[in-house]
>>> print(open('run_9.cif').read())   # mmCIF, C-alpha atoms
data_my_file
#
loop_
_atom_site.label_atom_id
_atom_site.label_comp_id
_atom_site.auth_asym_id
_atom_site.auth_seq_id
_atom_site.Cartn_x
_atom_site.Cartn_y
_atom_site.Cartn_z
CA MET A 243 -5.90 -11.40 -19.59
CA ILE A 244 -3.09 -9.62 -17.71
CA GLU A 245 -0.55 -11.84 -19.47
CA GLN A 246 -1.58 -10.12 -22.67
CA SER A 247 -0.85 -6.61 -21.37
CA PRO A 248 2.91 -6.05 -21.20
CA SER A 249 2.55 -2.45 -19.97
CA LEU A 250 0.27 -3.53 -17.14
CA LEU A 251 2.58 -6.41 -16.28
CA ALA A 252 5.52 -4.00 -16.14
CA LEU A 253 3.71 -1.75 -13.67
CA LEU A 254 2.56 -4.70 -11.55
CA ARG A 255 6.16 -5.89 -11.34
CA GLN A 256 7.26 -2.44 -10.18
CA LEU A 257 4.43 -2.24 -7.64
CA GLN A 258 5.29 -5.69 -6.28
CA ARG A 259 8.57 -4.25 -5.04
CA VAL A 260 6.80 -1.56 -3.02
CA PRO A 261 6.25 -2.65 0.58
CA TYR A 262 2.69 -3.09 1.90
CA LEU A 263 1.16 -3.68 -1.50
CA ALA A 264 0.23 -7.32 -1.06
CA SER A 265 -1.19 -9.21 -4.00
CA LYS A 266 -4.79 -8.17 -3.36
CA ASN A 267 -4.07 -4.48 -2.95
CA LEU A 268 -1.89 -4.58 -6.03
CA TYR A 269 -4.88 -4.44 -8.36
CA ILE A 270 -6.50 -1.65 -6.38
CA VAL A 271 -3.32 0.38 -6.74
CA ALA A 272 -2.98 -0.56 -10.43
CA GLN A 273 -6.58 0.57 -10.92
CA HIS A 274 -5.69 3.90 -9.26
CA PHE A 275 -2.87 4.48 -11.73
CA LEU A 276 -4.96 3.30 -14.69
CA ASP A 277 -7.68 5.77 -13.72
CA LEU A 278 -5.23 8.63 -13.19
CA ASP A 279 -5.15 11.13 -16.09
CA GLN A 280 -1.96 12.04 -17.96
CA GLN A 281 -1.35 15.12 -15.80
CA GLY A 282 -1.80 13.18 -12.59
CA THR A 283 0.66 10.52 -13.74
CA GLU A 284 3.24 13.14 -14.64
CA GLN A 285 2.80 14.85 -11.30
CA PHE A 286 3.38 11.55 -9.53
CA CYS A 287 6.52 10.79 -11.55
CA ASN A 288 7.78 14.32 -11.06
CA ALA A 289 7.39 14.08 -7.31
CA LEU A 290 9.36 10.83 -7.38
CA LEU A 291 12.16 12.07 -9.61
CA THR A 292 12.43 15.37 -7.72
CA LEU A 293 12.70 13.40 -4.49
CA LYS A 294 15.65 11.41 -5.85
CA GLU A 295 17.27 14.57 -7.18
CA ARG A 296 16.90 16.74 -4.10
CA MET A 297 17.20 14.42 -1.10
CA ASP A 298 20.28 12.88 0.43
CA LYS A 299 21.38 11.62 3.79
CA CYS A 300 22.94 13.89 6.41
CA THR A 301 26.61 12.88 6.75
CA ASP A 302 26.39 13.24 10.53
CA CYS A 303 23.14 11.61 11.60
CA PHE A 304 22.24 9.72 8.38
CA SER A 305 18.68 10.98 8.39
CA TRP A 306 17.18 12.12 5.08
CA LYS A 307 17.43 15.82 4.25
CA GLU A 308 17.07 18.23 1.33
CA LYS A 309 20.43 18.56 -0.46
CA GLU A 310 20.27 22.34 -0.53
CA ARG A 311 19.39 22.74 3.12
CA GLY A 312 21.14 21.80 6.33
CA CYS A 313 19.95 18.78 8.26
CA SER A 314 16.80 19.76 10.17
CA PHE A 315 18.28 18.21 13.31
CA CYS A 316 22.05 18.69 13.17
CA ALA A 317 21.85 22.23 11.77
CA SER A 318 18.99 23.37 14.00
CA SER A 319 19.67 25.76 16.85
CA LYS A 320 16.60 24.51 18.70
CA ARG A 321 17.84 20.96 19.27
CA ASP A 322 19.84 19.88 22.30
CA LYS A 323 23.22 18.91 20.82
CA THR A 324 24.42 17.05 23.92
CA VAL A 325 21.97 14.14 23.49
CA ILE A 326 22.00 11.63 20.65
CA CYS A 327 19.13 9.21 20.18
CA VAL A 328 20.24 6.12 18.24
CA VAL A 329 17.56 4.53 16.04
CA GLU A 330 17.55 1.63 13.60
CA THR A 331 15.75 3.32 10.73
CA TRP A 332 14.49 6.66 9.54
CA ARG A 333 10.92 5.47 10.20
CA ASP A 334 11.74 4.97 13.89
CA LEU A 335 13.02 8.55 13.91
CA ILE A 336 9.70 9.75 12.47
CA ALA A 337 7.84 7.83 15.20
CA LEU A 338 9.94 9.49 17.91
CA GLU A 339 9.47 12.94 16.34
CA LYS A 340 5.73 12.38 16.24
CA SER A 341 5.70 11.61 19.97
CA GLY A 342 6.75 15.21 20.50
CA GLY A 343 8.86 14.20 23.49
CA TYR A 344 12.40 14.48 22.15
CA PHE A 345 14.45 17.56 21.31
CA GLY A 346 18.00 16.23 20.93
CA LEU A 347 19.85 14.87 17.91
CA TYR A 348 19.46 11.50 16.20
CA HIS A 349 21.72 8.86 14.72
CA VAL A 350 20.24 6.48 12.15
CA LEU A 351 22.11 3.15 12.15
CA GLY A 352 20.45 1.84 9.00
CA GLY A 353 19.25 -1.37 10.64
CA ALA A 354 20.11 -3.68 13.52
CA LEU A 355 22.81 -6.32 13.90
CA CYS A 356 21.61 -9.62 12.52
CA PRO A 357 24.35 -12.19 11.82
CA LEU A 358 21.80 -14.62 10.33
CA ASP A 359 20.90 -12.06 7.67
CA GLY A 360 24.58 -11.19 7.26
CA ILE A 361 24.23 -7.72 8.79
CA GLY A 362 27.38 -7.01 10.82
CA PRO A 363 28.70 -3.85 12.51
CA ASP A 364 30.33 -2.64 9.28
CA ASP A 365 26.95 -2.58 7.52
CA LEU A 366 25.62 -0.08 10.04
CA THR A 367 26.84 3.44 10.89
CA ILE A 368 28.25 2.37 14.26
CA LYS A 369 31.78 3.65 13.57
CA GLN A 370 30.41 7.05 12.60
CA LEU A 371 28.39 7.07 15.84
CA VAL A 372 31.49 6.42 17.93
CA THR A 373 33.37 9.21 16.12
CA ARG A 374 30.43 11.55 16.72
CA ILE A 375 30.37 10.70 20.42
CA ASP A 376 34.13 11.30 20.67
CA ARG A 377 33.56 14.80 19.29
CA GLY A 378 31.46 15.54 22.39
CA CYS A 379 28.16 14.20 23.69
CA ALA A 380 26.73 13.87 27.19
CA GLU A 381 24.04 11.24 26.74
CA ILE A 382 22.98 8.66 24.21
CA ILE A 383 19.59 6.97 24.12
CA PHE A 384 19.10 3.55 22.54
CA ALA A 385 15.70 3.66 20.85
CA PHE A 386 15.70 0.22 19.25
CA ASN A 387 12.89 -2.17 18.49
CA GLN A 388 12.13 -4.65 21.26
CA THR A 389 13.61 -7.54 19.29
CA PRO A 390 16.65 -9.78 19.82
CA GLU A 391 18.37 -7.83 17.01
CA GLY A 392 17.63 -4.49 18.67
CA GLU A 393 18.95 -5.75 22.01
CA ALA A 394 22.08 -7.22 20.42
CA THR A 395 22.78 -3.90 18.69
CA ALA A 396 22.37 -1.97 21.94
CA SER A 397 24.67 -4.33 23.77
CA TYR A 398 27.30 -4.25 20.98
CA ILE A 399 27.35 -0.45 20.89
CA SER A 400 27.52 -0.18 24.67
CA THR A 401 30.66 -2.36 24.73
CA LYS A 402 32.20 -0.09 22.07
CA LEU A 403 31.51 2.90 24.34
CA LYS A 404 32.95 1.36 27.49
CA GLY A 405 35.25 3.71 29.39
CA LYS A 406 33.79 6.89 27.95
CA SER A 407 32.17 9.29 30.40
CA LEU A 408 28.73 9.14 28.93
CA LYS A 409 25.20 8.56 30.14
CA ILE A 410 23.60 5.66 28.25
CA SER A 411 19.87 5.02 28.50
CA CYS A 412 17.28 3.02 26.61
CA LEU A 413 13.52 3.29 26.09
CA ALA A 414 11.23 2.08 28.87
CA ARG A 415 9.67 -1.34 28.46
CA GLY A 416 6.22 -2.14 29.77
CA LEU A 417 2.54 -1.98 29.03
CA PRO A 418 1.45 0.20 26.11
CA VAL A 419 -0.94 3.06 26.83
CA GLY A 420 -4.57 1.93 26.74
CA SER A 421 -3.70 -1.76 27.03
CA SER A 422 -5.28 -4.22 29.45
CA LEU A 423 -3.09 -6.54 31.48
CA GLU A 424 -5.26 -9.49 30.56
CA ALA A 425 -4.66 -9.07 26.83
CA MET A 426 -0.89 -8.64 27.09
CA ASP A 427 1.64 -11.36 26.36
CA ARG A 428 3.48 -13.01 29.23
CA LEU A 429 6.85 -11.48 28.45
CA THR A 430 5.56 -7.89 28.36
CA VAL A 431 3.87 -8.38 31.74
CA TYR A 432 7.09 -9.89 33.09
CA LYS A 433 9.11 -6.91 31.86
CA ALA A 434 6.53 -4.43 33.14
CA LEU A 435 6.76 -6.07 36.54
CA SER A 436 10.53 -6.51 36.77
CA GLU A 437 11.19 -2.99 35.46
CA ARG A 438 8.49 -1.34 37.60
CA ARG A 439 9.05 2.28 38.53
CA PRO A 440 8.32 4.29 41.70
CA PHE A 441 4.78 5.73 41.73
CA MET B 231 11.40 17.65 10.21
CA ILE B 232 9.20 16.64 7.27
CA GLU B 233 7.81 20.16 7.08
CA GLN B 234 11.30 21.27 6.10
CA SER B 235 11.55 18.88 3.14
CA PRO B 236 9.37 20.13 0.29
CA SER B 237 10.36 17.28 -2.05
CA LEU B 238 9.47 14.68 0.57
CA LEU B 239 6.20 16.48 1.32
CA ALA B 240 5.36 16.48 -2.38
CA LEU B 241 5.86 12.72 -2.64
CA LEU B 242 3.89 12.08 0.57
CA ARG B 243 0.99 14.10 -0.86
CA GLN B 244 1.11 12.01 -4.04
CA LEU B 245 1.28 8.76 -2.07
CA GLN B 246 -1.67 9.81 0.11
CA ARG B 247 -3.86 9.63 -2.98
CA VAL B 248 -2.90 6.00 -3.61
CA PRO B 249 -5.39 3.59 -2.04
CA TYR B 250 -4.26 1.26 0.76
CA LEU B 251 -1.39 3.45 1.86
CA ALA B 252 -2.72 4.52 5.24
CA SER B 253 -0.73 7.01 7.27
CA LYS B 254 1.52 4.40 8.88
CA ASN B 255 2.42 2.59 5.68
CA LEU B 256 3.07 5.92 3.99
CA TYR B 257 6.50 6.27 5.58
CA ILE B 258 7.43 2.69 4.77
CA VAL B 259 6.62 3.36 1.13
CA ALA B 260 8.39 6.74 1.21
CA GLN B 261 11.43 4.97 2.64
CA HIS B 262 11.27 2.46 -0.24
CA PHE B 263 11.41 5.27 -2.78
CA LEU B 264 14.10 7.15 -0.86
CA ASP B 265 16.23 4.01 -0.83
CA LEU B 266 15.66 3.29 -4.53
CA ASP B 267 18.59 4.28 -6.75
CA GLN B 268 18.26 6.66 -9.73
CA GLN B 269 17.84 3.78 -12.19
CA GLY B 270 15.15 2.13 -10.10
CA THR B 271 13.21 5.38 -9.83
CA GLU B 272 13.36 5.92 -13.58
CA GLN B 273 12.20 2.35 -14.22
CA PHE B 274 9.24 2.91 -11.93
CA CYS B 275 8.30 6.19 -13.63
CA ASN B 276 8.75 4.64 -17.06
CA ALA B 277 6.42 1.78 -16.21
CA LEU B 278 3.83 4.29 -15.06
CA LEU B 279 4.12 6.60 -18.08
CA THR B 280 4.16 3.67 -20.52
CA LEU B 281 1.03 2.34 -18.86
CA LYS B 282 -0.78 5.65 -19.45
CA GLU B 283 0.48 5.79 -23.01
CA ARG B 284 -0.37 2.25 -24.07
CA MET B 285 -3.53 1.28 -22.20
CA ASP B 286 -7.09 2.28 -22.89
CA LYS B 287 -10.54 0.87 -22.29
CA CYS B 288 -12.22 -1.55 -24.70
CA THR B 289 -15.14 0.32 -26.31
CA ASP B 290 -17.32 -2.78 -26.01
CA CYS B 291 -16.74 -4.21 -22.57
CA PHE B 292 -14.90 -1.25 -20.91
CA SER B 293 -12.16 -3.47 -19.53
CA TRP B 294 -8.56 -2.22 -19.76
CA LYS B 295 -6.55 -3.31 -22.81
CA GLU B 296 -3.36 -2.49 -24.71
CA LYS B 297 -4.11 0.17 -27.34
CA GLU B 298 -2.30 -1.70 -30.08
CA ARG B 299 -3.99 -5.04 -29.40
CA GLY B 300 -7.57 -6.18 -29.49
CA CYS B 301 -9.44 -6.67 -26.22
CA SER B 302 -8.31 -9.98 -24.72
CA PHE B 303 -11.98 -10.90 -24.16
CA CYS B 304 -14.00 -9.36 -27.00
CA ALA B 305 -11.40 -10.16 -29.68
CA SER B 306 -10.60 -13.66 -28.41
CA SER B 307 -11.87 -16.67 -30.35
CA LYS B 308 -11.72 -18.78 -27.19
CA ARG B 309 -14.42 -16.91 -25.28
CA ASP B 310 -18.10 -17.77 -25.40
CA LYS B 311 -19.65 -14.67 -27.03
CA THR B 312 -23.24 -15.54 -26.07
CA VAL B 313 -22.72 -14.87 -22.35
CA ILE B 314 -21.95 -11.48 -20.79
CA CYS B 315 -20.93 -11.22 -17.17
CA VAL B 316 -21.70 -7.74 -15.79
CA VAL B 317 -19.30 -6.50 -13.09
CA GLU B 318 -18.98 -3.24 -11.18
CA THR B 319 -15.23 -2.71 -11.60
CA TRP B 320 -12.21 -4.05 -13.44
CA ARG B 321 -10.98 -5.51 -10.15
CA ASP B 322 -14.10 -7.65 -9.89
CA LEU B 323 -13.35 -8.88 -13.41
CA ILE B 324 -9.83 -9.87 -12.31
CA ALA B 325 -11.31 -11.78 -9.35
CA LEU B 326 -13.64 -13.72 -11.67
CA GLU B 327 -10.82 -14.46 -14.14
CA LYS B 328 -8.68 -15.76 -11.28
CA SER B 329 -11.43 -18.18 -10.25
CA GLY B 330 -10.85 -19.89 -13.61
CA GLY B 331 -14.55 -20.71 -13.88
CA TYR B 332 -15.76 -18.28 -16.54
CA PHE B 333 -15.14 -18.26 -20.27
CA GLY B 334 -17.64 -15.74 -21.62
CA LEU B 335 -17.42 -11.99 -22.16
CA TYR B 336 -17.53 -9.22 -19.57
CA HIS B 337 -19.11 -5.82 -19.21
CA VAL B 338 -17.56 -3.37 -16.74
CA LEU B 339 -20.17 -0.89 -15.46
CA GLY B 340 -17.65 1.39 -13.77
CA GLY B 341 -19.39 1.19 -10.38
CA ALA B 342 -22.80 0.56 -8.86
CA LEU B 343 -25.87 2.79 -8.61
CA CYS B 344 -25.65 4.93 -5.49
CA PRO B 345 -28.02 7.93 -5.42
CA LEU B 346 -26.52 9.12 -2.12
CA ASP B 347 -23.11 9.45 -3.76
CA GLY B 348 -24.74 10.96 -6.86
CA ILE B 349 -24.02 7.92 -9.05
CA GLY B 350 -26.97 7.46 -11.41
CA PRO B 351 -27.52 5.19 -14.44
CA ASP B 352 -25.89 7.73 -16.78
CA ASP B 353 -22.63 7.55 -14.84
CA LEU B 354 -22.36 3.83 -15.56
CA THR B 355 -22.12 2.00 -18.90
CA ILE B 356 -25.68 0.63 -18.64
CA LYS B 357 -26.86 2.08 -21.98
CA GLN B 358 -23.91 0.52 -23.75
CA LEU B 359 -24.74 -2.82 -22.08
CA VAL B 360 -28.32 -2.70 -23.37
CA THR B 361 -27.08 -1.89 -26.90
CA ARG B 362 -24.65 -4.81 -26.68
CA ILE B 363 -27.38 -7.18 -25.59
CA ASP B 364 -29.61 -6.01 -28.45
CA ARG B 365 -26.82 -6.93 -30.87
CA GLY B 366 -27.20 -10.55 -29.71
CA CYS B 367 -26.62 -12.31 -26.41
CA ALA B 368 -28.19 -15.40 -24.83
CA GLU B 369 -27.38 -14.95 -21.14
CA ILE B 370 -26.19 -12.26 -18.80
CA ILE B 371 -24.78 -12.87 -15.35
CA PHE B 372 -24.93 -10.21 -12.63
CA ALA B 373 -21.67 -10.50 -10.70
CA PHE B 374 -22.13 -7.60 -8.29
CA ASN B 375 -20.93 -7.10 -4.76
CA GLN B 376 -23.36 -8.28 -2.07
CA THR B 377 -24.24 -4.71 -1.09
CA PRO B 378 -27.44 -2.66 -1.32
CA GLU B 379 -25.82 -0.76 -4.22
CA GLY B 380 -25.00 -3.98 -6.07
CA GLU B 381 -28.53 -5.28 -5.59
CA ALA B 382 -30.07 -1.98 -6.70
CA THR B 383 -27.93 -2.02 -9.85
CA ALA B 384 -28.96 -5.59 -10.67
CA SER B 385 -32.62 -4.77 -10.18
CA TYR B 386 -32.37 -1.56 -12.27
CA ILE B 387 -30.70 -3.35 -15.18
CA SER B 388 -33.17 -6.25 -15.06
CA THR B 389 -36.10 -3.82 -15.46
CA LYS B 390 -34.31 -2.27 -18.45
CA LEU B 391 -34.08 -5.75 -20.01
CA LYS B 392 -37.71 -6.71 -19.44
CA GLY B 393 -39.33 -8.28 -22.47
CA LYS B 394 -36.09 -9.41 -24.08
CA SER B 395 -35.66 -13.16 -24.57
CA LEU B 396 -32.62 -13.50 -22.36
CA LYS B 397 -31.48 -15.68 -19.50
CA ILE B 398 -30.52 -13.53 -16.50
CA SER B 399 -28.66 -15.05 -13.57
CA CYS B 400 -26.69 -13.81 -10.59
CA LEU B 401 -23.90 -15.21 -8.41
CA ALA B 402 -24.84 -17.71 -5.71
CA ARG B 403 -25.09 -16.41 -2.17
CA GLY B 404 -24.17 -18.54 0.82
CA LEU B 405 -21.30 -19.64 3.02
CA PRO B 406 -17.77 -18.99 1.76
CA VAL B 407 -15.51 -22.00 1.23
CA GLY B 408 -13.68 -22.95 4.42
CA SER B 409 -16.03 -20.99 6.68
CA SER B 410 -17.69 -22.31 9.82
CA LEU B 411 -21.40 -21.74 10.38
CA GLU B 412 -20.73 -20.57 13.90
CA ALA B 413 -18.52 -17.70 12.79
CA MET B 414 -20.82 -16.45 10.03
CA ASP B 415 -23.13 -13.46 10.36
CA ARG B 416 -26.86 -14.02 10.74
CA LEU B 417 -27.77 -12.69 7.33
CA THR B 418 -25.35 -14.96 5.46
CA VAL B 419 -26.70 -18.01 7.27
CA TYR B 420 -30.25 -16.89 6.50
CA LYS B 421 -29.38 -16.51 2.79
CA ALA B 422 -27.54 -19.84 2.74
CA LEU B 423 -30.60 -21.49 4.22
CA SER B 424 -33.28 -19.81 2.13
CA GLU B 425 -31.33 -20.25 -1.09
CA ARG B 426 -30.31 -23.85 -0.33
CA ARG B 427 -29.69 -26.10 -3.31
CA PRO B 428 -30.42 -29.81 -3.97
CA PHE B 429 -27.63 -32.09 -2.76
#
>>> encode(input="run_9.cif", output="structure tokens")
Amino acid sequence: MIEQSPSLLALLRQLQRVPYLASKNLYIVAQHFLDLDQQGTEQFCNALLTLKERMDKCTDCFSWKEKERGCSFCASSKRDKTVICVVETWRDLIALEKSGGYFGLYHVLGGALCPLDGIGPDDLTIKQLVTRIDRGCAEIIFAFNQTPEGEATASYISTKLKGKSLKISCLARGLPVGSSLEAMDRLTVYKALSERRPF
Amino acid sequence: MIEQSPSLLALLRQLQRVPYLASKNLYIVAQHFLDLDQQGTEQFCNALLTLKERMDKCTDCFSWKEKERGCSFCASSKRDKTVICVVETWRDLIALEKSGGYFGLYHVLGGALCPLDGIGPDDLTIKQLVTRIDRGCAEIIFAFNQTPEGEATASYISTKLKGKSLKISCLARGLPVGSSLEAMDRLTVYKALSERRPF
């Protein structure tokens, strides 16, 4: 039935490229767009095209920003400019912002080192980070995912920064809030134990 | 940070209306569209606008179809025109088509009766179904969800069809393929037992 609807097929193909729309949800989303009226569809497309037109990446921290405005971090007078928090992606930045616990600047690497996937240092914004640090910075925080790739990236960057007078820290590892010891994996408990802090 | 990006906010508001994009996935999807190049964005919007332009509902079975083509069910010579399978939504129709076990016609009601949500018989295509059946039909199959609303809809329609010489059937209830008895809920086991079939 779908094979006989080229316009529907075209949309399904577009939707398949959107993350988190697995095959089952695909039809629910397609139904949403089929049910949308003409005005609603145009509003959706407008929002999308306006986004592409008006947003670009900050040339300092590589976070997304409105073209016509300064970066909401780098150009803000309220942020502590002596601390840079290094993250893999813009989504990690959003997660940190939502925690409400950070008031310094960010640096979005654009991913983590992963030789198997062919992602080397030149694919990330590591050089730009080093230049930024040379311009003046007191502390950098590695806020990477707790994965081999995240750890490799942290260790690569720290070797690049050797010899600079700079405080380097990384996020605490341990038990998540609300978790029970019993339900945690072995490695997390091991880390929570070996990296225990004074009470 | 997001509060300072009106174009991003506008897209997030549009995405929030799309089903299955809960708050966490929202940023992953936003990131997808931010990373898309101009051409990709236009292709996506084109697919969406073309869809709206070219698709409408079949006036007989209320399934979606290309405007310029006949309904792939009602106009097909390969489908058994004496059987009508009544479904709540177009997505249910897709699920039945995917099973590969049905070759008759469909009738999409557009939902199920739900007085609490204010959905009465006039909000569904029940009248049109009765007219269709009067035009000639040997069997109808109720393929509703196993919910109180689905059952109420089936029972309402069957009273409307009283006195007509028509075979009425509904989908079998019981244990799903691959399931274990132990893990099933009480009610499913009860139904599987009370509606047991000869071996």
>>> atom_distance(input="run_9.cif", atom1="atom CA of Leu391 of chain B", atom2="atom CA of Cys304 of chain B")
21.6 Å
>>> resolve_selection(input="run_9.cif", expression="the PyMOL selection byres ((chain A) within 9 of (chain B))", output="MDAnalysis selection string")
chainID A and resid 243:244 246:250 252:254 256:257 259:263 267 269:271 273:280 283:298 306:308 311 313:315 332:333 336 339
>>> resolve_selection(input="run_9.cif", expression="the PyMOL selection byres ((chain B and resi 340-342) around 7)", output="PyMOL selection string")
chain B and resi 318-319+338-339+343-344+354-355+379-380+383
>>> write_last_selection(input="run_9.cif", atoms="C-alpha atoms", output="PDB file, keeping the file's coordinate frame")
ATOM      1  CA  GLU B 318     -18.980  -3.240 -11.180  1.00  0.00           C
ATOM      2  CA  THR B 319     -15.230  -2.710 -11.600  1.00  0.00           C
ATOM      3  CA  VAL B 338     -17.560  -3.370 -16.740  1.00  0.00           C
ATOM      4  CA  LEU B 339     -20.170  -0.890 -15.460  1.00  0.00           C
ATOM      5  CA  LEU B 343     -25.870   2.790  -8.610  1.00  0.00           C
ATOM      6  CA  CYS B 344     -25.650   4.930  -5.490  1.00  0.00           C
ATOM      7  CA  LEU B 354     -22.360   3.830 -15.560  1.00  0.00           C
ATOM      8  CA  THR B 355     -22.120   2.000 -18.900  1.00  0.00           C
ATOM      9  CA  GLU B 379     -25.820  -0.760  -4.220  1.00  0.00           C
ATOM     10  CA  GLY B 380     -25.000  -3.980  -6.070  1.00  0.00           C
ATOM     11  CA  THR B 383     -27.930  -2.020  -9.850  1.00  0.00           C
TER      12      THR B 383
END
>>> atom_distance(input="run_9.cif", atom1="atom CA of Pro428 of chain B", atom2="atom CA of Val317 of chain B")
27.4 Å
>>> resolve_selection(input="run_9.cif", expression="the PyMOL selection byres ((chain A and resi 383) around 6)", output="list in words")
Cys327, Val328, Ile382, Phe384, Ile410, Ser411 and Cys412 of chain A
>>> axis_aligned_box(input="run_9.cif", around="segment 381-393 of chain B", padding_each_side="4 Å", output="JSON")
{"center_x": -33.6, "center_y": -4.9, "center_z": -14.0, "size_x": 19.4, "size_y": 14.7, "size_z": 24.9}
>>> residues_around(input="run_9.cif", residues="Val325 of chain A", least_positions_apart="5", cutoff="7 Å", atoms="only C-alpha atoms", output="VMD selection string")
chain A and resid 346 to 347 379 to 382
>>> atom_distance(input="run_9.cif", atom1="atom CA of Ala422 of chain B", atom2="atom CA of Gly408 of chain B")
14.3 Å
